[in-house]
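Asks: The structure under discussion is supplied below as structure tokens; questions concerning it will follow.
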Amino acid sequence: MIRDEQQASQRRVRGASLGLPAEGPGSLAPFGTRVIAFVVDAVAAFFVAAVFTAPRLPENWAALAFALITVGTLVAFGQTPGMRLRGLRLAHPRQGQRLALWRAVVRTALLFLFVPALIVDADGRGLHDRLTDTAVIRDR
């Protein structure tokens with residue numbers, strides 16, 4: 001019995017340190033779902049850039065489109081198109097407020113390096129989210 005209680009107390013609930021629920025809306029989004037949202041955004045950015053560079057491939061213009069789409073939609077709506085499609089949103093440090101432009105820019109710039117997004121804490125938040133005091137959570 002004591003051993004069971006110790007094991008239960010040692011189990012860490014993802015997001016508990018942030019005051020987030022363990023499951024359901026408002027809980028931290030799983031890594032795989034976040035990756036799918038990122039891929040959706042990257043593919044969409046490629047096609048948006050391709051419209052402007054046709055008949056040539058967009059090359060680095062796709063990165064600019066990705067940055068503009070990501071920063072713009074995070075500040076305006078709190079979620080990118082890929083996040084919207086997957087039922088995710090970016091949690092702001094102060095509930096009910098829009099994401100500051102600097103947070104969106106820094107977070108997006110760090111995404112370009114990929115490594116910060118792969119260095120996660122016990123809650124599963126990437127370095128880019130920890131540095132900007134944000135978290136990707138389930139919206140539904």
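Chains: A, B, ... in order of the structure tokens. Residues: from 1 per chain. Ligands: from 1, in order shown.
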Which residues, written as a ChimeraX atom specification, have at least one atom at most 12 Å from Leu20 in chain A, with only C-alpha atoms counted and residues fewer than 6 positions away on the same chain left out?
Replies: /A:13-14,26-29,91,93,95,123,135-138
Asks: Given only C-alpha atoms as the basis, pick out the residue of A:Pro25, A:Leu18, A:Ala37, A:Arg56 nearest to Arg130 in chain A.
Replies: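 So, comparing all the options, the nearest one is A:Leu18.
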Asks: To one decimal place, how far is CA of Gly19 in chain A from CA of Arg94 in chain A in Å?
Replies: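 A separation of 12.1 Å between them.
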Asks: Hey, which of A:Phe38, A:Phe114, A:Phe31, A:Trp102 ends up closest to Ile69 in chain A? Count only C-alpha atoms.
Replies: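 Checking each candidate against Ile69 in chain A, we get A:Phe38 as the closest.
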Asks: Within range 65-113 of chain A, find each residue whose DSSP state, derived from the backbone, is alpha helix (DSSP H), and express the selection as number ranges by chain.
Replies: A: 65-77, 81-86, 101-112
Asks: Export, as a PDB file, in the first residue's frame, the selected residues with N, CA and C atoms.
Replies:
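Writing done, so here's again.pdb:
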```pdb
ATOM      1  N   ALA A  65       7.405  32.824 -46.147  1.00  0.00           N
ATOM      2  CA  ALA A  65       5.949  32.633 -46.054  1.00  0.00           C
ATOM      3  C   ALA A  65       5.586  31.933 -44.751  1.00  0.00           C
ATOM      4  N   PHE A  66       6.368  30.925 -44.366  1.00  0.00           N
ATOM      5  CA  PHE A  66       6.116  30.216 -43.109  1.00  0.00           C
ATOM      6  C   PHE A  66       6.202  31.180 -41.927  1.00  0.00           C
ATOM      7  N   ALA A  67       7.239  32.002 -41.907  1.00  0.00           N
ATOM      8  CA  ALA A  67       7.416  32.949 -40.800  1.00  0.00           C
ATOM      9  C   ALA A  67       6.267  33.951 -40.735  1.00  0.00           C
ATOM     10  N   LEU A  68       5.884  34.500 -41.873  1.00  0.00           N
ATOM     11  CA  LEU A  68       4.804  35.487 -41.893  1.00  0.00           C
ATOM     12  C   LEU A  68       3.457  34.873 -41.493  1.00  0.00           C
ATOM     13  N   ILE A  69       3.169  33.690 -42.017  1.00  0.00           N
ATOM     14  CA  ILE A  69       1.913  33.016 -41.663  1.00  0.00           C
ATOM     15  C   ILE A  69       1.894  32.670 -40.181  1.00  0.00           C
ATOM     16  N   THR A  70       2.997  32.118 -39.681  1.00  0.00           N
ATOM     17  CA  THR A  70       3.059  31.691 -38.283  1.00  0.00           C
ATOM     18  C   THR A  70       2.936  32.873 -37.330  1.00  0.00           C
ATOM     19  N   VAL A  71       3.760  33.887 -37.521  1.00  0.00           N
ATOM     20  CA  VAL A  71       3.722  35.045 -36.629  1.00  0.00           C
ATOM     21  C   VAL A  71       2.369  35.745 -36.719  1.00  0.00           C
ATOM     22  N   GLY A  72       1.897  35.977 -37.934  1.00  0.00           N
ATOM     23  CA  GLY A  72       0.621  36.679 -38.114  1.00  0.00           C
ATOM     24  C   GLY A  72      -0.559  35.975 -37.480  1.00  0.00           C
ATOM     25  N   THR A  73      -0.663  34.674 -37.699  1.00  0.00           N
ATOM     26  CA  THR A  73      -1.815  33.947 -37.158  1.00  0.00           C
ATOM     27  C   THR A  73      -1.699  33.712 -35.653  1.00  0.00           C
ATOM     28  N   LEU A  74      -0.478  33.549 -35.138  1.00  0.00           N
ATOM     29  CA  LEU A  74      -0.327  33.396 -33.687  1.00  0.00           C
ATOM     30  C   LEU A  74      -0.735  34.671 -32.955  1.00  0.00           C
ATOM     31  N   VAL A  75      -0.318  35.813 -33.485  1.00  0.00           N
ATOM     32  CA  VAL A  75      -0.675  37.081 -32.844  1.00  0.00           C
ATOM     33  C   VAL A  75      -2.171  37.362 -32.998  1.00  0.00           C
ATOM     34  N   ALA A  76      -2.712  37.136 -34.180  1.00  0.00           N
ATOM     35  CA  ALA A  76      -4.120  37.453 -34.434  1.00  0.00           C
ATOM     36  C   ALA A  76      -5.097  36.471 -33.802  1.00  0.00           C
ATOM     37  N   PHE A  77      -4.788  35.163 -33.888  1.00  0.00           N
ATOM     38  CA  PHE A  77      -5.763  34.151 -33.479  1.00  0.00           C
ATOM     39  C   PHE A  77      -5.281  33.206 -32.380  1.00  0.00           C
ATOM     40  N   PRO A  81      -2.737  27.869 -38.912  1.00  0.00           N
ATOM     41  CA  PRO A  81      -3.711  27.031 -39.618  1.00  0.00           C
ATOM     42  C   PRO A  81      -3.566  25.540 -39.274  1.00  0.00           C
ATOM     43  N   GLY A  82      -2.336  25.063 -39.160  1.00  0.00           N
ATOM     44  CA  GLY A  82      -2.114  23.660 -38.801  1.00  0.00           C
ATOM     45  C   GLY A  82      -2.609  23.347 -37.400  1.00  0.00           C
ATOM     46  N   MET A  83      -2.393  24.276 -36.471  1.00  0.00           N
ATOM     47  CA  MET A  83      -2.897  24.095 -35.108  1.00  0.00           C
ATOM     48  C   MET A  83      -4.423  24.061 -35.111  1.00  0.00           C
ATOM     49  N   ARG A  84      -5.022  24.940 -35.885  1.00  0.00           N
ATOM     50  CA  ARG A  84      -6.485  24.998 -35.977  1.00  0.00           C
ATOM     51  C   ARG A  84      -7.029  23.666 -36.485  1.00  0.00           C
ATOM     52  N   LEU A  85      -6.392  23.146 -37.528  1.00  0.00           N
ATOM     53  CA  LEU A  85      -6.816  21.881 -38.118  1.00  0.00           C
ATOM     54  C   LEU A  85      -6.704  20.726 -37.118  1.00  0.00           C
ATOM     55  N   ARG A  86      -5.689  20.733 -36.269  1.00  0.00           N
ATOM     56  CA  ARG A  86      -5.453  19.658 -35.307  1.00  0.00           C
ATOM     57  C   ARG A  86      -6.092  19.924 -33.937  1.00  0.00           C
ATOM     58  N   LEU A 101       3.824  40.321 -29.988  1.00  0.00           N
ATOM     59  CA  LEU A 101       4.533  40.131 -31.247  1.00  0.00           C
ATOM     60  C   LEU A 101       5.925  39.554 -31.012  1.00  0.00           C
ATOM     61  N   TRP A 102       6.631  40.042 -29.998  1.00  0.00           N
ATOM     62  CA  TRP A 102       7.994  39.557 -29.750  1.00  0.00           C
ATOM     63  C   TRP A 102       7.999  38.069 -29.417  1.00  0.00           C
ATOM     64  N   ARG A 103       6.994  37.598 -28.679  1.00  0.00           N
ATOM     65  CA  ARG A 103       6.930  36.171 -28.342  1.00  0.00           C
ATOM     66  C   ARG A 103       6.737  35.336 -29.611  1.00  0.00           C
ATOM     67  N   ALA A 104       5.856  35.773 -30.487  1.00  0.00           N
ATOM     68  CA  ALA A 104       5.599  35.048 -31.735  1.00  0.00           C
ATOM     69  C   ALA A 104       6.835  35.038 -32.623  1.00  0.00           C
ATOM     70  N   VAL A 105       7.537  36.162 -32.708  1.00  0.00           N
ATOM     71  CA  VAL A 105       8.735  36.257 -33.551  1.00  0.00           C
ATOM     72  C   VAL A 105       9.847  35.369 -33.001  1.00  0.00           C
ATOM     73  N   VAL A 106      10.110  35.445 -31.700  1.00  0.00           N
ATOM     74  CA  VAL A 106      11.175  34.630 -31.101  1.00  0.00           C
ATOM     75  C   VAL A 106      10.848  33.146 -31.220  1.00  0.00           C
ATOM     76  N   ARG A 107       9.610  32.780 -30.921  1.00  0.00           N
ATOM     77  CA  ARG A 107       9.197  31.378 -30.983  1.00  0.00           C
ATOM     78  C   ARG A 107       9.350  30.840 -32.405  1.00  0.00           C
ATOM     79  N   THR A 108       8.940  31.618 -33.399  1.00  0.00           N
ATOM     80  CA  THR A 108       9.037  31.196 -34.791  1.00  0.00           C
ATOM     81  C   THR A 108      10.491  31.112 -35.238  1.00  0.00           C
ATOM     82  N   ALA A 109      11.302  32.082 -34.845  1.00  0.00           N
ATOM     83  CA  ALA A 109      12.725  32.051 -35.203  1.00  0.00           C
ATOM     84  C   ALA A 109      13.402  30.804 -34.641  1.00  0.00           C
ATOM     85  N   LEU A 110      13.054  30.438 -33.414  1.00  0.00           N
ATOM     86  CA  LEU A 110      13.633  29.238 -32.818  1.00  0.00           C
ATOM     87  C   LEU A 110      13.147  27.965 -33.508  1.00  0.00           C
ATOM     88  N   LEU A 111      11.932  27.993 -34.051  1.00  0.00           N
ATOM     89  CA  LEU A 111      11.433  26.839 -34.802  1.00  0.00           C
ATOM     90  C   LEU A 111      12.280  26.570 -36.042  1.00  0.00           C
ATOM     91  N   PHE A 112      12.831  27.618 -36.625  1.00  0.00           N
ATOM     92  CA  PHE A 112      13.677  27.457 -37.810  1.00  0.00           C
ATOM     93  C   PHE A 112      14.933  26.663 -37.494  1.00  0.00           C
TER      94      PHE A 112
END
```
Asks: Please report, as a list in words, each residue of chain A to which DSSP assigns strand (DSSP E or B) when run on this structure's backbone.
Replies: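 Taking chain A and keeping strand (DSSP E or B) gives Leu28, Leu88, Arg89, Leu90, Ala91, Val120, Gly126, Ala135, Val136, Ile137 and Arg138 of chain A.
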Asks: Output C-alpha atoms for every residue in the selection just made, as a PDB file, in the first residue's frame.
Replies:
```pdb
ATOM      1  CA  LEU A  28      -0.637  20.015 -23.144  1.00  0.00           C
ATOM      2  CA  LEU A  88      -4.518  23.077 -30.833  1.00  0.00           C
ATOM      3  CA  ARG A  89      -3.731  26.608 -29.734  1.00  0.00           C
ATOM      4  CA  LEU A  90      -0.878  28.470 -28.116  1.00  0.00           C
ATOM      5  CA  ALA A  91      -1.471  29.246 -24.455  1.00  0.00           C
ATOM      6  CA  VAL A 120      11.721  19.149 -24.268  1.00  0.00           C
ATOM      7  CA  GLY A 126      10.041  22.570 -26.324  1.00  0.00           C
ATOM      8  CA  ALA A 135       2.658  26.128 -24.315  1.00  0.00           C
ATOM      9  CA  VAL A 136       0.797  24.369 -27.111  1.00  0.00           C
ATOM     10  CA  ILE A 137      -2.431  23.034 -25.630  1.00  0.00           C
ATOM     11  CA  ARG A 138      -5.477  21.157 -26.828  1.00  0.00           C
TER      12      ARG A 138
END
```
Asks: Find, counting only C-alpha atoms, the residue in A:Asp41, A:Gly24, A:Leu127, A:Asp133 that gets nearest to His92 in chain A.
Replies: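 Nearest candidate to His92 in chain A out of A:Asp41, A:Gly24, A:Leu127, A:Asp133: A:Asp133.
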Asks: To one decimal place in Å, what is the distance between CA of His128 in chain A and CA of Ser17 in chain A?
Replies: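 Interatomic distance, CA of His128 in chain A to CA of Ser17 in chain A: 17.5 Å.
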Asks: Which polymer residues have any atom within 7 Å of an atom of Phe46 in chain A, counting only C-alpha atoms, with same-chain residues fewer than 4 positions away left out, as a CSV table (one decimal) with C-alpha atoms, in the first residue's frame?
Replies:
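Here's the written file out_1.csv:
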```csv
chain,number,residue,atom,x,y,z
A,42,ALA,CA,5.1,24.1,-43.7
A,50,ALA,CA,4.8,28.9,-55.0
A,58,PRO,CA,9.8,28.9,-54.1
A,62,ALA,CA,8.7,29.3,-48.5
```
Asks: To one decimal in Å, tell me the separation between CA of Asn60 in chain A and CA of Val39 in chain A.
Replies: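 Separation between CA of Asn60 in chain A and CA of Val39 in chain A: 16.4 Å.
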Asks: Smallest atom-to-atom distance to Thr132 in chain A: which of A:Ala54, A:Leu118, A:Ala100, A:Val48, using only C-alpha atoms?
Replies: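 Ranked by minimum distance to Thr132 in chain A, first place goes to A:Ala100.
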